[in-house]
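Asks: Input structure: run_34.txt, which contains compact mmCIF, C-alpha atoms and all ligand atoms.
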```
# COMPACT_ATOMS: atom_id res chain seq x y z
CA MET A 1 -9.77 -14.43 -12.65
CA ILE A 2 -9.55 -11.43 -10.32
CA VAL A 3 -9.32 -7.88 -11.65
CA ALA A 4 -8.03 -5.45 -9.02
CA ILE A 5 -8.76 -1.75 -9.42
CA ASP A 6 -7.10 0.67 -7.00
CA GLY A 7 -6.71 4.43 -7.03
CA PRO A 8 -7.43 7.69 -5.21
CA ALA A 9 -10.83 9.19 -4.37
CA GLY A 10 -12.93 10.25 -7.33
CA ALA A 11 -10.78 8.49 -9.95
CA GLY A 12 -13.88 6.71 -11.26
CA LYS A 13 -13.10 3.24 -9.89
CA THR A 14 -16.73 2.46 -9.13
CA THR A 15 -18.01 3.44 -12.58
CA LEU A 16 -15.28 1.48 -14.31
CA ALA A 17 -15.46 -1.59 -12.07
CA ARG A 18 -19.25 -1.85 -12.44
CA ALA A 19 -19.15 -1.41 -16.21
CA LEU A 20 -16.38 -3.96 -16.54
CA ALA A 21 -18.06 -6.51 -14.30
CA GLU A 22 -21.24 -6.19 -16.35
CA ARG A 23 -19.37 -6.59 -19.65
CA LEU A 24 -17.48 -9.67 -18.42
CA GLY A 25 -20.37 -11.21 -16.47
CA TYR A 26 -18.24 -10.97 -13.33
CA THR A 27 -19.22 -10.17 -9.75
CA TYR A 28 -18.46 -6.66 -8.57
CA LEU A 29 -16.94 -6.13 -5.12
CA ASP A 30 -16.71 -2.62 -3.68
CA THR A 31 -14.39 -2.83 -0.67
CA GLY A 32 -14.65 0.90 0.08
CA ALA A 33 -18.39 0.39 0.64
CA MET A 34 -17.56 -1.99 3.50
CA TYR A 35 -15.36 0.58 5.28
CA ARG A 36 -18.03 3.19 4.61
CA ALA A 37 -20.73 0.96 6.10
CA LEU A 38 -18.72 0.43 9.28
CA THR A 39 -18.22 4.20 9.48
CA LEU A 40 -21.97 4.74 9.14
CA VAL A 41 -22.68 2.25 11.94
CA ALA A 42 -20.05 3.95 14.14
CA MET A 43 -21.60 7.36 13.50
CA LYS A 44 -25.11 6.16 14.29
CA GLU A 45 -24.04 4.34 17.45
CA GLY A 46 -21.66 6.99 18.73
CA ILE A 47 -18.57 4.76 18.49
CA ASP A 48 -15.35 6.75 18.71
CA PRO A 49 -13.62 6.46 15.28
CA GLU A 50 -10.28 6.28 17.11
CA ASP A 51 -11.41 3.31 19.25
CA GLU A 52 -9.87 0.37 17.37
CA GLU A 53 -11.10 -2.32 19.75
CA HIS A 54 -14.70 -1.13 19.78
CA LEU A 55 -14.76 -0.74 15.99
CA PHE A 56 -13.26 -4.18 15.54
CA GLU A 57 -15.83 -5.78 17.85
CA ARG A 58 -18.71 -4.03 16.11
CA ALA A 59 -17.39 -4.91 12.65
CA SER A 60 -17.02 -8.56 13.70
CA SER A 61 -20.71 -8.76 14.52
CA LEU A 62 -21.93 -7.18 11.27
CA SER A 63 -23.00 -9.16 8.23
CA PHE A 64 -22.17 -7.65 4.85
CA ARG A 65 -24.16 -8.78 1.82
CA PHE A 66 -23.82 -7.45 -1.72
CA GLU A 67 -26.71 -7.77 -4.14
CA GLY A 68 -25.40 -6.46 -7.45
CA THR A 69 -24.45 -2.88 -6.70
CA ARG A 70 -26.39 -2.66 -3.44
CA LEU A 71 -24.90 -3.29 0.00
CA PHE A 72 -26.92 -4.65 2.90
CA VAL A 73 -25.57 -4.56 6.43
CA ASP A 74 -27.49 -6.80 8.80
CA ASP A 75 -30.18 -6.88 6.09
CA GLU A 76 -30.49 -3.10 5.97
CA ASP A 77 -29.86 -1.47 2.58
CA VAL A 78 -27.19 1.18 3.24
CA THR A 79 -26.23 1.81 -0.40
CA ASN A 80 -27.22 5.49 -0.47
CA GLU A 81 -26.50 6.43 3.13
CA ILE A 82 -22.84 5.43 2.90
CA ARG A 83 -22.22 8.03 0.16
CA THR A 84 -22.89 11.15 2.22
CA ARG A 85 -20.21 13.75 2.93
CA SER A 86 -20.18 13.01 6.64
CA VAL A 87 -19.24 9.38 5.91
CA ASN A 88 -16.66 10.53 3.32
CA ASN A 89 -14.98 12.73 5.88
CA LEU A 90 -14.74 10.10 8.60
CA VAL A 91 -14.06 6.87 6.72
CA SER A 92 -10.30 7.39 6.44
CA VAL A 93 -10.04 7.53 10.23
CA VAL A 94 -12.12 4.38 10.75
CA CYS A 95 -10.28 2.35 8.11
CA ARG A 96 -6.75 2.99 9.31
CA HIS A 97 -6.89 0.58 12.28
CA ARG A 98 -4.95 -2.66 11.88
CA LYS A 99 -7.56 -4.96 13.45
CA VAL A 100 -10.37 -3.43 11.40
CA ARG A 101 -8.37 -3.84 8.18
CA GLU A 102 -7.38 -7.44 8.91
CA LEU A 103 -11.01 -8.35 9.49
CA MET A 104 -12.19 -6.58 6.34
CA VAL A 105 -9.45 -8.16 4.23
CA SER A 106 -10.46 -11.64 5.36
CA LEU A 107 -14.14 -10.90 4.60
CA GLN A 108 -13.18 -9.54 1.19
CA ARG A 109 -11.21 -12.68 0.38
CA GLN A 110 -14.21 -14.82 1.36
CA LEU A 111 -16.56 -12.73 -0.77
CA ALA A 112 -14.28 -13.16 -3.81
CA GLU A 113 -13.30 -16.79 -3.23
CA LYS A 114 -15.15 -18.10 -6.26
CA GLY A 115 -13.21 -15.79 -8.59
CA GLY A 116 -14.68 -14.07 -11.64
CA VAL A 117 -14.69 -10.79 -9.79
CA VAL A 118 -13.78 -7.16 -10.29
CA VAL A 119 -12.63 -5.73 -6.95
CA GLU A 120 -12.10 -2.04 -6.28
CA GLY A 121 -10.38 -0.35 -3.36
CA ARG A 122 -7.05 1.07 -2.20
CA ASP A 123 -5.02 -2.02 -1.24
CA ILE A 124 -6.46 -4.68 -3.53
CA GLY A 125 -3.42 -5.19 -5.76
CA THR A 126 -0.94 -4.73 -2.90
CA VAL A 127 -2.54 -6.58 0.04
CA VAL A 128 -5.95 -8.19 -0.52
CA PHE A 129 -5.19 -9.94 -3.82
CA PRO A 130 -1.46 -9.58 -4.48
CA SER A 131 -1.68 -12.31 -7.10
CA ALA A 132 -4.67 -10.88 -8.97
CA GLU A 133 -4.35 -11.71 -12.66
CA LEU A 134 -4.86 -8.08 -13.68
CA LYS A 135 -4.12 -5.00 -11.58
CA ILE A 136 -5.13 -1.50 -12.59
CA TYR A 137 -4.16 1.69 -10.83
CA LEU A 138 -6.75 4.22 -11.93
CA ASP A 139 -6.01 7.92 -11.68
CA ALA A 140 -7.22 11.27 -13.02
CA SER A 141 -6.22 14.89 -12.50
CA LEU A 142 -7.30 16.45 -9.21
CA SER A 143 -9.54 19.00 -10.97
CA GLU A 144 -11.33 16.26 -12.92
CA ARG A 145 -11.82 14.16 -9.77
CA VAL A 146 -13.23 17.19 -7.96
CA LYS A 147 -15.71 17.90 -10.79
CA ARG A 148 -16.92 14.29 -10.73
CA ARG A 149 -17.45 14.33 -6.96
CA VAL A 150 -19.38 17.62 -7.13
CA LYS A 151 -21.71 16.05 -9.71
CA GLU A 152 -22.20 13.00 -7.48
CA PHE A 153 -23.10 15.23 -4.54
CA GLU A 154 -25.57 17.13 -6.72
CA LYS A 155 -27.30 13.85 -7.51
CA LEU A 156 -27.55 13.17 -3.77
CA GLY A 157 -29.09 16.64 -3.30
CA GLU A 158 -25.98 18.04 -1.56
CA ASP A 159 -24.86 21.42 -2.84
CA VAL A 160 -21.12 21.62 -2.14
CA GLY A 161 -18.66 24.08 -3.69
CA LEU A 162 -15.65 23.02 -5.76
CA GLU A 163 -13.11 24.38 -3.28
CA MET A 164 -14.62 22.49 -0.34
CA VAL A 165 -14.75 19.21 -2.30
CA LYS A 166 -11.16 19.75 -3.43
CA GLN A 167 -9.97 20.13 0.16
CA GLU A 168 -11.92 17.07 1.29
CA ILE A 169 -10.55 14.88 -1.52
CA GLN A 170 -6.99 16.05 -0.87
CA GLU A 171 -7.32 15.33 2.83
CA ARG A 172 -8.77 11.86 2.25
CA ASP A 173 -6.00 11.02 -0.26
CA ARG A 174 -3.41 12.27 2.21
CA LEU A 175 -4.78 10.09 5.02
CA ASP A 176 -5.24 7.04 2.75
CA SER A 177 -1.77 7.21 1.25
CA THR A 178 0.21 8.02 4.40
CA ARG A 179 -1.38 5.60 6.90
CA ASP A 180 0.88 2.94 8.42
CA ILE A 181 -1.15 -0.09 7.38
CA SER A 182 -1.67 -0.91 3.71
CA PRO A 183 -1.60 2.65 2.42
CA LEU A 184 -2.90 3.54 -1.03
CA LYS A 185 -0.13 2.95 -3.52
CA LYS A 186 0.29 1.51 -6.96
CA ALA A 187 1.35 -2.16 -6.88
CA CYS A 188 4.62 -2.56 -8.76
CA ASP A 189 2.91 -4.85 -11.29
CA ALA A 190 -0.23 -2.69 -11.71
CA ILE A 191 -0.96 -0.89 -14.97
CA LEU A 192 -1.45 2.84 -14.57
CA LEU A 193 -4.54 4.10 -16.37
CA ASP A 194 -5.15 7.86 -16.39
CA ASN A 195 -8.75 8.49 -17.41
CA THR A 196 -8.75 12.31 -17.19
CA ASN A 197 -9.59 12.58 -20.87
CA LEU A 198 -11.34 9.26 -21.45
CA SER A 199 -15.05 8.49 -21.64
CA VAL A 200 -16.28 5.46 -19.71
CA ASP A 201 -16.69 3.53 -22.99
CA GLU A 202 -13.12 4.32 -24.03
CA GLU A 203 -11.89 3.28 -20.62
CA VAL A 204 -13.76 -0.04 -20.63
CA ALA A 205 -12.54 -0.74 -24.17
CA ALA A 206 -8.95 -0.07 -23.05
CA LEU A 207 -9.37 -2.49 -20.16
CA GLU A 208 -10.94 -5.17 -22.31
CA ARG A 209 -7.89 -5.00 -24.56
CA LEU A 210 -5.71 -5.56 -21.50
CA ILE A 211 -7.85 -8.38 -20.20
CA LYS A 212 -8.01 -10.47 -23.38
CA PRO A 213 -4.41 -11.74 -23.33
CA VAL A 214 -4.57 -12.35 -19.57
CA ALA A 215 -7.84 -14.30 -19.89
CA LYS A 216 -6.33 -16.37 -22.72
CA ARG A 217 -3.30 -17.16 -20.59
CA GLU A 218 -5.51 -18.14 -17.64
CA LYS A 219 -7.85 -20.07 -20.01
CA VAL A 220 -10.91 -18.26 -18.58
O1 LIG A 301 -13.44 3.91 -2.68
P1 LIG A 301 -14.22 4.69 -1.61
O2 LIG A 301 -14.11 6.18 -1.76
O3 LIG A 301 -15.63 4.26 -1.48
O4 LIG A 301 -13.49 4.28 -0.23
C1 LIG A 301 -13.83 4.88 0.99
C2 LIG A 301 -12.64 4.88 1.92
O5 LIG A 301 -12.37 3.56 2.36
C3 LIG A 301 -11.34 5.41 1.33
O6 LIG A 301 -11.17 6.78 1.63
C4 LIG A 301 -10.28 4.58 1.96
C5 LIG A 301 -10.97 3.36 2.46
N1 LIG A 301 -10.64 2.14 1.71
C6 LIG A 301 -9.53 1.46 2.13
O7 LIG A 301 -8.81 1.91 3.02
N2 LIG A 301 -9.22 0.27 1.55
C7 LIG A 301 -9.98 -0.22 0.57
N3 LIG A 301 -9.66 -1.40 0.03
C8 LIG A 301 -11.11 0.49 0.12
C9 LIG A 301 -11.39 1.70 0.70
```
Please lay out the structure from this file as structure tokens.
Replies:
Amino acid sequence: MIVAIDGPAGAGKTTLARALAERLGYTYLDTGAMYRALTLVAMKEGIDPEDEEHLFERASSLSFRFEGTRLFVDDEDVTNEIRTRSVNNLVSVVCRHRKVRELMVSLQRQLAEKGGVVVEGRDIGTVVFPSAELKIYLDASLSERVKRRVKEFEKLGEDVGLEMVKQEIQERDRLDSTRDISPLKKACDAILLDNTNLSVDEEVAALERLIKPVAKREKV
């Protein structure tokens, strides 16, 4: 069974997807981390984020390996480095190119081919796994998403004000939901879950209730 979790920046997809994967004994696949890793490589190597061909070539030669919640690119652990603000602010430019997306989608399908996976991203229910057994569109109020991101930055030792984070999240959502190729949008058969006022435990419990009948139907 494939559980697809899409939604805007800071909606808590990562927290939910990891908790759910652990509860179900599923693999967790963070597709945003792959776009982030390519962005990091481009930044380090001075690749123009507008240069589709160059990005595509570089992405084609990279190997992505997930070990639990850690991501290795060409055997280098990039898990923490891909979460910085500079990557956040560039990733939406890197990920909007058609050739880059087609390559990433095919890698993501390979990584999830065995099933039993919780996949998070922006286009999972619409493009990557349109026939996923369960699709969730996770959302939360903008102010709640901003507060969560500020806390995450604090953990990384980055002191960023609420207003700045708000502008950055709004800009990333704008770019992600208005791009030409597979923009962020709720799949018509996805269930909308607003977690503004939910704890992680309440959220996971809500999802487990949704999964049970699906799992029964699929005889998982
Ligand atoms: O979920 P995240 O914040 O780690 O994702 C980083 C960026 O990657 C996000 O701004 C848009 C892009 N992304 C995408 O275009 N498609 C996906 N399936 C996952 C992420």
Asks: Could you produce a table of the residues of chain A lying within 6 Å of ligand LIG 301 (chain A), with the nearest pair of atoms per residue and their separation in Å rounded to one decimal, using only C-alpha atoms and all ligand atoms, ordered by chain and increasing residue number, as a tab-separated table?
Replies:
```
residue	atom	partner	partner_atom	distance
A:Ala9	CA	A:LIG301	O2	5.2
A:Thr31	CA	A:LIG301	C8	4.7
A:Gly32	CA	A:LIG301	C9	3.4
A:Ala33	CA	A:LIG301	O3	5.2
A:Tyr35	CA	A:LIG301	O5	5.1
A:Arg36	CA	A:LIG301	C1	5.8
A:Val91	CA	A:LIG301	C2	5.4
A:Ser92	CA	A:LIG301	O6	4.9
A:Cys95	CA	A:LIG301	O7	5.3
A:Gly121	CA	A:LIG301	N3	3.6
A:Arg122	CA	A:LIG301	N3	4.2
A:Asp123	CA	A:LIG301	N3	4.9
A:Ile124	CA	A:LIG301	N3	5.8
A:Arg172	CA	A:LIG301	O6	5.7
A:Asp176	CA	A:LIG301	C4	5.7
```
Asks: Using the selection just defined, write its residues with C-alpha atoms as a PDB file, in the frame of the given file.
Replies:
```pdb
ATOM      1  CA  ALA A   9     -10.830   9.190  -4.370  1.00  0.00           C
ATOM      2  CA  THR A  31     -14.390  -2.830  -0.670  1.00  0.00           C
ATOM      3  CA  GLY A  32     -14.650   0.900   0.080  1.00  0.00           C
ATOM      4  CA  ALA A  33     -18.390   0.390   0.640  1.00  0.00           C
ATOM      5  CA  TYR A  35     -15.360   0.580   5.280  1.00  0.00           C
ATOM      6  CA  ARG A  36     -18.030   3.190   4.610  1.00  0.00           C
ATOM      7  CA  VAL A  91     -14.060   6.870   6.720  1.00  0.00           C
ATOM      8  CA  SER A  92     -10.300   7.390   6.440  1.00  0.00           C
ATOM      9  CA  CYS A  95     -10.280   2.350   8.110  1.00  0.00           C
ATOM     10  CA  GLY A 121     -10.380  -0.350  -3.360  1.00  0.00           C
ATOM     11  CA  ARG A 122      -7.050   1.070  -2.200  1.00  0.00           C
ATOM     12  CA  ASP A 123      -5.020  -2.020  -1.240  1.00  0.00           C
ATOM     13  CA  ILE A 124      -6.460  -4.680  -3.530  1.00  0.00           C
ATOM     14  CA  ARG A 172      -8.770  11.860   2.250  1.00  0.00           C
ATOM     15  CA  ASP A 176      -5.240   7.040   2.750  1.00  0.00           C
TER      16      ASP A 176
END
```
Asks: Compile a residue-level contact table for stretch 187-215 of chain A against stretch 141-165 of chain A at a cut-off of 9 Å, reporting for every qualifying residue the shortest atom pair and its distance in Å to one decimal, with only C-alpha atoms counted, rows ordered by chain and ascending number, as JSON lines.
Replies:
```
{"residue": "A:Asp194", "atom": "CA", "partner": "A:Ser141", "partner_atom": "CA", "distance": 8.1}
{"residue": "A:Asn195", "atom": "CA", "partner": "A:Ser141", "partner_atom": "CA", "distance": 8.5}
{"residue": "A:Thr196", "atom": "CA", "partner": "A:Ser141", "partner_atom": "CA", "distance": 5.9}
{"residue": "A:Asn197", "atom": "CA", "partner": "A:Glu144", "partner_atom": "CA", "distance": 8.9}
```
Asks: Could you check how far atom CA of A:Glu81 sits from atom CA of A:Glu67, in Å to one decimal?
Replies: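 Between atom CA of A:Glu81 and atom CA of A:Glu67 the gap works out to 16.0 Å.
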Asks: I'd like the contact shell of A:Thr15 - 12 Å cut-off, all atoms listed in the file, skipping same-chain residues fewer than 2 positions apart - returned as a list in words.
Replies: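 Near A:Thr15, the qualifying residues are Ile5, Gly10, Ala11, Gly12, Lys13, Ala17, Arg18, Ala19, Leu20, Ala21, Glu22, Tyr28, Asp30, Thr69, Val118, Glu120, Leu138, Arg148, Glu152, Asn195, Ser199, Val200, Asp201, Glu203 and Val204 of chain A.
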Asks: Using only C-alpha atoms, find the one residue out of A:Ile136, A:Ala37, A:Val214, A:Leu103 that sits nearest to A:Asp77.
Replies: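 Closest to A:Asp77, using only C-alpha atoms: A:Ala37.
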Asks: Do you know which residues are at most 7 Å from A:Val3 counting only C-alpha atoms, after dropping those on the same chain fewer than 4 positions away, and could you put them as a ChimeraX atom specification?
Replies: /A:117-119,132-135
Asks: What's around A:Arg179 at 7 Å? Count only C-alpha atoms, leave out sequence neighbours fewer than 4 positions away in its own chain, and write the answer as a VMD selection string.
Replies: chain A and resid 96 175 183
Asks: In Å, with one decimal, what is the gap from atom CA of A:Leu71 to atom CA of A:Arg174?
Replies: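 Separating atom CA of A:Leu71 from atom CA of A:Arg174 is a distance of 26.6 Å.
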Asks: So which residues touch stretch 49-56 of chain A within 10 Å, counting all atoms listed in the file, skipping near sequence neighbours fewer than 3 positions away, as a VMD selection string?
Replies: chain A and resid 38 to 39 41 to 43 46 59 to 61 90 to 104
Asks: From the options A:Glu202, A:Asp180, A:Glu208, A:Glu171, which residue's atoms come nearest to A:Asn89, counting only C-alpha atoms?
Replies: A:Glu171
Asks: Pick out the closest residue to A:Ala140 from this set: A:Leu198, A:Val78, A:Leu207, A:Met34. Count only C-alpha atoms.
Replies: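 Looking at the shortest contact to A:Ala140, the residue is A:Leu198.
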Asks: Just how far from atom CA of A:Arg83 is atom CA of A:Asp139, in Å to one decimal?
Replies: 20.1 Å
Asks: Around stretch 162-175 of chain A, with edges along x, y and z and 5 Å added on all six sides, what centre and edge lengths do you get, in Å to one decimal, as lines of an AutoDock Vina configuration file?
Replies:
```
center_x = -9.5
center_y = 17.2
center_z = -0.4
size_x = 22.2
size_y = 24.3
size_z = 20.8
```
Asks: Given all atoms listed in the file as the basis, pick out the residue of A:Ser131, A:Ser177, A:Thr27, A:Ala205 nearest to A:Asp189.
Replies: A:Ser131
